[in-house]
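Source file structure.pdb; content: PDB, C-alpha atoms.
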```pdb
ATOM      1  CA  MET A   1       0.671 -33.305 -65.304  1.00  0.00           C
ATOM      2  CA  ALA A   2       3.234 -33.370 -62.515  1.00  0.00           C
ATOM      3  CA  ALA A   3       2.140 -33.992 -58.954  1.00  0.00           C
ATOM      4  CA  SER A   4       2.207 -31.257 -56.327  1.00  0.00           C
ATOM      5  CA  SER A   5       3.330 -31.614 -52.774  1.00  0.00           C
ATOM      6  CA  PRO A   6       0.648 -31.796 -50.086  1.00  0.00           C
ATOM      7  CA  ILE A   7       0.992 -28.153 -49.097  1.00  0.00           C
ATOM      8  CA  GLY A   8       0.590 -26.901 -52.665  1.00  0.00           C
ATOM      9  CA  THR A   9       4.189 -25.925 -53.370  1.00  0.00           C
ATOM     10  CA  PRO A  10       5.842 -27.002 -56.595  1.00  0.00           C
ATOM     11  CA  THR A  11       7.835 -30.229 -56.481  1.00  0.00           C
ATOM     12  CA  THR A  12      11.403 -30.488 -57.737  1.00  0.00           C
ATOM     13  CA  SER A  13      10.120 -31.870 -61.039  1.00  0.00           C
ATOM     14  CA  GLN A  14       8.102 -28.689 -61.550  1.00  0.00           C
ATOM     15  CA  ARG A  15      10.742 -26.182 -60.549  1.00  0.00           C
ATOM     16  CA  ALA A  16      14.527 -26.286 -60.761  1.00  0.00           C
ATOM     17  CA  ALA A  17      16.525 -26.183 -57.555  1.00  0.00           C
ATOM     18  CA  ARG A  18      17.311 -22.759 -56.101  1.00  0.00           C
ATOM     19  CA  PRO A  19      20.773 -21.648 -57.247  1.00  0.00           C
ATOM     20  CA  LEU A  20      23.261 -21.187 -54.416  1.00  0.00           C
ATOM     21  CA  TRP A  21      23.930 -17.567 -55.396  1.00  0.00           C
ATOM     22  CA  LEU A  22      20.191 -16.835 -55.127  1.00  0.00           C
ATOM     23  CA  ALA A  23      20.067 -18.385 -51.656  1.00  0.00           C
ATOM     24  CA  VAL A  24      23.051 -16.223 -50.658  1.00  0.00           C
ATOM     25  CA  LEU A  25      21.315 -13.105 -52.042  1.00  0.00           C
ATOM     26  CA  ALA A  26      18.149 -13.983 -50.098  1.00  0.00           C
ATOM     27  CA  GLY A  27      20.202 -14.481 -46.926  1.00  0.00           C
ATOM     28  CA  PHE A  28      22.044 -11.202 -47.576  1.00  0.00           C
ATOM     29  CA  SER A  29      18.685  -9.444 -47.849  1.00  0.00           C
ATOM     30  CA  LEU A  30      17.466 -10.954 -44.570  1.00  0.00           C
ATOM     31  CA  LEU A  31      20.749 -10.055 -42.856  1.00  0.00           C
ATOM     32  CA  LEU A  32      20.485  -6.449 -44.061  1.00  0.00           C
ATOM     33  CA  GLY A  33      16.941  -6.421 -42.698  1.00  0.00           C
ATOM     34  CA  ILE A  34      18.216  -7.394 -39.256  1.00  0.00           C
ATOM     35  CA  ILE A  35      21.238  -5.092 -39.166  1.00  0.00           C
ATOM     36  CA  THR A  36      19.187  -2.194 -40.485  1.00  0.00           C
ATOM     37  CA  THR A  37      15.903  -2.464 -38.614  1.00  0.00           C
ATOM     38  CA  ILE A  38      17.103  -3.177 -35.065  1.00  0.00           C
ATOM     39  CA  PRO A  39      19.778  -0.444 -34.721  1.00  0.00           C
ATOM     40  CA  GLN A  40      17.721   2.182 -36.524  1.00  0.00           C
ATOM     41  CA  PHE A  41      14.672   1.420 -34.396  1.00  0.00           C
ATOM     42  CA  TYR A  42      16.949   1.718 -31.366  1.00  0.00           C
ATOM     43  CA  TYR A  43      18.099   5.142 -32.586  1.00  0.00           C
ATOM     44  CA  VAL A  44      14.456   6.228 -32.953  1.00  0.00           C
ATOM     45  CA  LEU A  45      13.872   5.148 -29.335  1.00  0.00           C
ATOM     46  CA  PHE A  46      17.048   7.023 -28.312  1.00  0.00           C
ATOM     47  CA  ALA A  47      15.783  10.162 -30.039  1.00  0.00           C
ATOM     48  CA  ARG A  48      12.585   9.927 -27.984  1.00  0.00           C
ATOM     49  CA  GLY A  49      14.609   9.548 -24.766  1.00  0.00           C
ATOM     50  CA  LEU A  50      13.393   5.993 -24.159  1.00  0.00           C
ATOM     51  CA  VAL A  51      16.823   4.293 -24.272  1.00  0.00           C
ATOM     52  CA  THR A  52      20.432   5.363 -23.752  1.00  0.00           C
ATOM     53  CA  ILE A  53      23.620   5.043 -25.750  1.00  0.00           C
ATOM     54  CA  GLY A  54      26.807   4.613 -23.737  1.00  0.00           C
ATOM     55  CA  PRO A  55      29.398   2.255 -22.284  1.00  0.00           C
ATOM     56  CA  HIS A  56      27.176   1.449 -19.290  1.00  0.00           C
ATOM     57  CA  SER A  57      23.965   1.084 -21.274  1.00  0.00           C
ATOM     58  CA  ASN A  58      22.241  -2.116 -22.364  1.00  0.00           C
ATOM     59  CA  PHE A  59      23.812  -4.315 -25.051  1.00  0.00           C
ATOM     60  CA  LEU A  60      22.409  -2.357 -28.014  1.00  0.00           C
ATOM     61  CA  GLY A  61      23.337   0.947 -26.380  1.00  0.00           C
ATOM     62  CA  GLN A  62      26.894  -0.302 -25.986  1.00  0.00           C
ATOM     63  CA  ILE A  63      27.049  -1.378 -29.635  1.00  0.00           C
ATOM     64  CA  TRP A  64      25.837   2.049 -30.691  1.00  0.00           C
ATOM     65  CA  TYR A  65      28.445   3.670 -28.433  1.00  0.00           C
ATOM     66  CA  TRP A  66      31.188   1.527 -29.975  1.00  0.00           C
ATOM     67  CA  TYR A  67      29.990   2.431 -33.493  1.00  0.00           C
ATOM     68  CA  ILE A  68      29.952   6.127 -32.660  1.00  0.00           C
ATOM     69  CA  LEU A  69      33.492   6.058 -31.320  1.00  0.00           C
ATOM     70  CA  SER A  70      34.761   3.769 -34.073  1.00  0.00           C
ATOM     71  CA  GLY A  71      33.056   5.067 -37.165  1.00  0.00           C
ATOM     72  CA  ASP A  72      30.689   7.995 -37.375  1.00  0.00           C
ATOM     73  CA  ASN A  73      30.115  10.578 -34.665  1.00  0.00           C
ATOM     74  CA  THR A  74      26.949  11.964 -36.308  1.00  0.00           C
ATOM     75  CA  TYR A  75      24.928   9.830 -33.923  1.00  0.00           C
ATOM     76  CA  GLN A  76      26.197  11.426 -30.698  1.00  0.00           C
ATOM     77  CA  LYS A  77      23.238  13.781 -30.709  1.00  0.00           C
ATOM     78  CA  VAL A  78      19.786  13.645 -32.214  1.00  0.00           C
ATOM     79  CA  ASP A  79      19.849  15.304 -35.614  1.00  0.00           C
ATOM     80  CA  PRO A  80      16.510  15.733 -37.447  1.00  0.00           C
ATOM     81  CA  GLY A  81      17.967  14.522 -40.760  1.00  0.00           C
ATOM     82  CA  VAL A  82      19.577  11.469 -39.193  1.00  0.00           C
ATOM     83  CA  LEU A  83      16.360  10.746 -37.293  1.00  0.00           C
ATOM     84  CA  ALA A  84      14.348  10.933 -40.527  1.00  0.00           C
ATOM     85  CA  GLY A  85      16.740   8.426 -42.096  1.00  0.00           C
ATOM     86  CA  ALA A  86      16.497   6.155 -39.052  1.00  0.00           C
ATOM     87  CA  ILE A  87      12.685   6.233 -39.231  1.00  0.00           C
ATOM     88  CA  GLU A  88      12.829   5.373 -42.943  1.00  0.00           C
ATOM     89  CA  ASP A  89      15.275   2.534 -42.313  1.00  0.00           C
ATOM     90  CA  ALA A  90      13.425   1.114 -39.297  1.00  0.00           C
ATOM     91  CA  PHE A  91       9.900   1.255 -40.675  1.00  0.00           C
ATOM     92  CA  LEU A  92      10.295   1.083 -44.472  1.00  0.00           C
ATOM     93  CA  LEU A  93      13.613  -0.246 -45.757  1.00  0.00           C
ATOM     94  CA  GLY A  94      14.145  -2.823 -43.003  1.00  0.00           C
ATOM     95  CA  PRO A  95      10.775  -4.488 -43.642  1.00  0.00           C
ATOM     96  CA  LEU A  96      11.392  -4.285 -47.400  1.00  0.00           C
ATOM     97  CA  TYR A  97      14.699  -6.139 -46.960  1.00  0.00           C
ATOM     98  CA  PHE A  98      12.833  -8.874 -45.066  1.00  0.00           C
ATOM     99  CA  ALA A  99      10.053  -9.105 -47.657  1.00  0.00           C
ATOM    100  CA  THR A 100      12.565  -9.169 -50.519  1.00  0.00           C
ATOM    101  CA  GLY A 101      14.633 -11.857 -48.799  1.00  0.00           C
ATOM    102  CA  ILE A 102      11.569 -14.049 -48.282  1.00  0.00           C
ATOM    103  CA  GLY A 103      10.442 -13.502 -51.871  1.00  0.00           C
ATOM    104  CA  LEU A 104      13.892 -14.350 -53.220  1.00  0.00           C
ATOM    105  CA  TRP A 105      14.129 -17.453 -51.044  1.00  0.00           C
ATOM    106  CA  GLN A 106      10.685 -18.692 -52.081  1.00  0.00           C
ATOM    107  CA  ARG A 107      11.168 -17.488 -55.683  1.00  0.00           C
ATOM    108  CA  ARG A 108       7.817 -15.708 -55.721  1.00  0.00           C
ATOM    109  CA  ALA A 109       6.701 -13.568 -58.670  1.00  0.00           C
ATOM    110  CA  TRP A 110       5.813 -10.666 -56.344  1.00  0.00           C
ATOM    111  CA  VAL A 111       9.475 -10.278 -55.383  1.00  0.00           C
ATOM    112  CA  VAL A 112      10.195  -8.588 -58.710  1.00  0.00           C
ATOM    113  CA  PRO A 113       8.261  -5.352 -58.052  1.00  0.00           C
ATOM    114  CA  VAL A 114       8.956  -5.404 -54.293  1.00  0.00           C
ATOM    115  CA  GLY A 115      12.667  -6.061 -54.856  1.00  0.00           C
ATOM    116  CA  LEU A 116      12.925  -3.397 -57.556  1.00  0.00           C
ATOM    117  CA  ILE A 117      11.462  -0.869 -55.129  1.00  0.00           C
ATOM    118  CA  THR A 118      13.812  -2.031 -52.372  1.00  0.00           C
ATOM    119  CA  GLY A 119      16.888  -1.995 -54.606  1.00  0.00           C
ATOM    120  CA  ALA A 120      16.083   1.363 -56.180  1.00  0.00           C
ATOM    121  CA  MET A 121      15.438   2.983 -52.797  1.00  0.00           C
ATOM    122  CA  ILE A 122      18.672   1.811 -51.204  1.00  0.00           C
ATOM    123  CA  LEU A 123      20.744   2.556 -54.315  1.00  0.00           C
ATOM    124  CA  TYR A 124      19.405   6.120 -54.371  1.00  0.00           C
ATOM    125  CA  ALA A 125      19.920   6.506 -50.615  1.00  0.00           C
ATOM    126  CA  ILE A 126      23.426   5.062 -50.434  1.00  0.00           C
ATOM    127  CA  ILE A 127      24.720   6.994 -53.439  1.00  0.00           C
ATOM    128  CA  GLY A 128      23.324  10.194 -51.937  1.00  0.00           C
ATOM    129  CA  PHE A 129      24.850   9.258 -48.578  1.00  0.00           C
ATOM    130  CA  PHE A 130      28.279   8.566 -50.086  1.00  0.00           C
ATOM    131  CA  LEU A 131      28.283  11.641 -52.315  1.00  0.00           C
ATOM    132  CA  GLY A 132      27.175  13.877 -49.464  1.00  0.00           C
ATOM    133  CA  ASP A 133      29.907  12.555 -47.207  1.00  0.00           C
ATOM    134  CA  ILE A 134      32.592  12.595 -49.905  1.00  0.00           C
ATOM    135  CA  PHE A 135      31.840  16.143 -51.048  1.00  0.00           C
ATOM    136  CA  ALA A 136      31.720  17.258 -47.410  1.00  0.00           C
ATOM    137  CA  ARG A 137      35.130  15.539 -46.944  1.00  0.00           C
ATOM    138  CA  LEU A 138      33.741  12.991 -44.427  1.00  0.00           C
ATOM    139  CA  PRO A 139      33.674  15.454 -41.505  1.00  0.00           C
ATOM    140  CA  THR A 140      31.923  13.135 -39.061  1.00  0.00           C
ATOM    141  CA  VAL A 141      33.910   9.983 -39.828  1.00  0.00           C
ATOM    142  CA  THR A 142      36.422   9.053 -37.146  1.00  0.00           C
ATOM    143  CA  ASN A 143      37.411   5.634 -38.537  1.00  0.00           C
ATOM    144  CA  GLY A 144      37.407   5.088 -42.305  1.00  0.00           C
ATOM    145  CA  ILE A 145      37.541   1.271 -42.116  1.00  0.00           C
ATOM    146  CA  SER A 146      34.479   1.103 -39.884  1.00  0.00           C
ATOM    147  CA  TYR A 147      32.674   3.635 -42.073  1.00  0.00           C
ATOM    148  CA  TRP A 148      33.263   1.797 -45.350  1.00  0.00           C
ATOM    149  CA  ALA A 149      32.802  -1.705 -43.887  1.00  0.00           C
ATOM    150  CA  SER A 150      29.405  -0.763 -42.494  1.00  0.00           C
ATOM    151  CA  ASN A 151      28.225   1.052 -45.628  1.00  0.00           C
ATOM    152  CA  LEU A 152      29.589  -0.915 -48.615  1.00  0.00           C
ATOM    153  CA  PRO A 153      27.105  -3.798 -48.165  1.00  0.00           C
ATOM    154  CA  TYR A 154      24.328  -1.279 -48.875  1.00  0.00           C
ATOM    155  CA  LEU A 155      25.962  -0.487 -52.222  1.00  0.00           C
ATOM    156  CA  ILE A 156      26.759  -4.096 -53.134  1.00  0.00           C
ATOM    157  CA  TYR A 157      23.206  -5.258 -52.379  1.00  0.00           C
ATOM    158  CA  PRO A 158      21.321  -3.194 -54.994  1.00  0.00           C
ATOM    159  CA  LEU A 159      24.090  -3.738 -57.555  1.00  0.00           C
ATOM    160  CA  TRP A 160      23.439  -7.483 -57.182  1.00  0.00           C
ATOM    161  CA  LEU A 161      19.669  -7.405 -56.577  1.00  0.00           C
ATOM    162  CA  LEU A 162      18.537  -5.117 -59.390  1.00  0.00           C
ATOM    163  CA  PRO A 163      20.249  -6.994 -62.267  1.00  0.00           C
ATOM    164  CA  THR A 164      19.003 -10.283 -60.809  1.00  0.00           C
ATOM    165  CA  LEU A 165      15.401  -9.104 -60.819  1.00  0.00           C
ATOM    166  CA  LEU A 166      15.647  -7.383 -64.199  1.00  0.00           C
ATOM    167  CA  PHE A 167      17.570 -10.004 -66.156  1.00  0.00           C
ATOM    168  CA  ARG A 168      16.711 -13.252 -64.357  1.00  0.00           C
ATOM    169  CA  ARG A 169      12.939 -12.824 -64.026  1.00  0.00           C
ATOM    170  CA  SER A 170      12.354 -16.356 -65.212  1.00  0.00           C
ATOM    171  CA  LEU A 171      13.609 -17.554 -61.807  1.00  0.00           C
ATOM    172  CA  PHE A 172      10.528 -15.996 -60.229  1.00  0.00           C
ATOM    173  CA  THR A 173       7.744 -17.329 -62.429  1.00  0.00           C
ATOM    174  CA  ARG A 174       5.659 -20.370 -61.648  1.00  0.00           C
ATOM    175  CA  ALA A 175       6.379 -23.479 -63.610  1.00  0.00           C
ATOM    176  CA  GLU A 176       3.115 -24.912 -64.908  1.00  0.00           C
TER     177      GLU A 176
END
```
Have the structure of the file written as structure tokens, please.
Amino acid sequence: MAASSPIGTPTTSQRAARPLWLAVLAGFSLLLGIITTIPQFYYVLFARGLVTIGPHSNFLGQIWYWYILSGDNTYQKVDPGVLAGAIEDAFLLGPLYFATGIGLWQRRAWVVPVGLITGAMILYAIIGFFLGDIFARLPTVTNGISYWASNLPYLIYPLWLLPTLLFRRSLFTRAE
């Protein structure tokens, strides 16, 4: 029987080293959690009139202002559909990105169902988002490069995460 470390985590003899690509995927998940949760929470606060968006606002308000002028002008006013998406991103998907990133990093078995939920939700959302915008001929987009650069990571992520969790499950089981 192999020895365990003092804090009860498997030693390197019990579990193979984390592949670099898996560490990158975990970091990608954590990064998406940050760049999703903070701005969308800010938009929820903006919708409630608690913060401003503009060139003379605070740092996050200025970033939002730059994004609006550079990419998508949907956010210039509070739209109920956009607000619903911001609430979902800030309070559901953002935390799921964090949880999935931690589970991937630590190679926990629970990351499989949590990650499948996360990946399925964002894949459904981003495909619907793209199709809606494409069929509507991108009426709110003022800068195509900014639009695609800020949205493509949300398509790449589930296309990488879901196959990993479905076909590489053995990475997330405990070595006995």
query = Contacts of region 83-89 of chain A at 9 Å or less, counting all atoms listed in the file, minus same-chain residues fewer than 6 places along, as an NGL selection string?
reply = :A and (36-37 or 39-44 or 47 or 95)
task = Would you list the contacts of region 111-119 of chain A as number ranges by chain, taking every protein, DNA or RNA residue within 10 Å and counting all atoms listed in the file, but skipping same-chain residues closer than 3 positions in sequence?
result = A: 29, 92-97, 99-108, 122-125, 154-155, 157-166, 168-169, 172-173
task = Excluding Val51 (chain A) and residues on its chain fewer than 5 positions from it, collect all residues at most 8 Å away from it, counting all atoms listed in the file, and give them as a PyMOL selection string.
result = chain A and resi 42+45-46+61
task = Report the distance between CA of Ala16 (chain A) and CA of Ala120 (chain A) in Å, rounded to one decimal place.
result = 28.1 Å
message = To one decimal place in Å, what is the distance between CA of Leu152 (chain A) and CA of Phe91 (chain A)?
response = 21.3 Å
remark   = The distance between CA of Gly132 (chain A) and CA of Ile63 (chain A) is 25.0 Å
Centre, x/y/z edge lengths, axis-aligned box for region 101-106 of chain A with 6 Å per side, as lines of an AutoDock Vina configuration file:
```
center_x = 12.5
center_y = -15.3
center_z = -50.8
size_x = 16.2
size_y = 18.8
size_z = 16.9
```
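Across A:Leu171, A:Tyr67, A:Ala23, A:Leu131, the tightest approach to Trp110 (chain A) is made by A:Leu171 when counting all atoms listed in the file.
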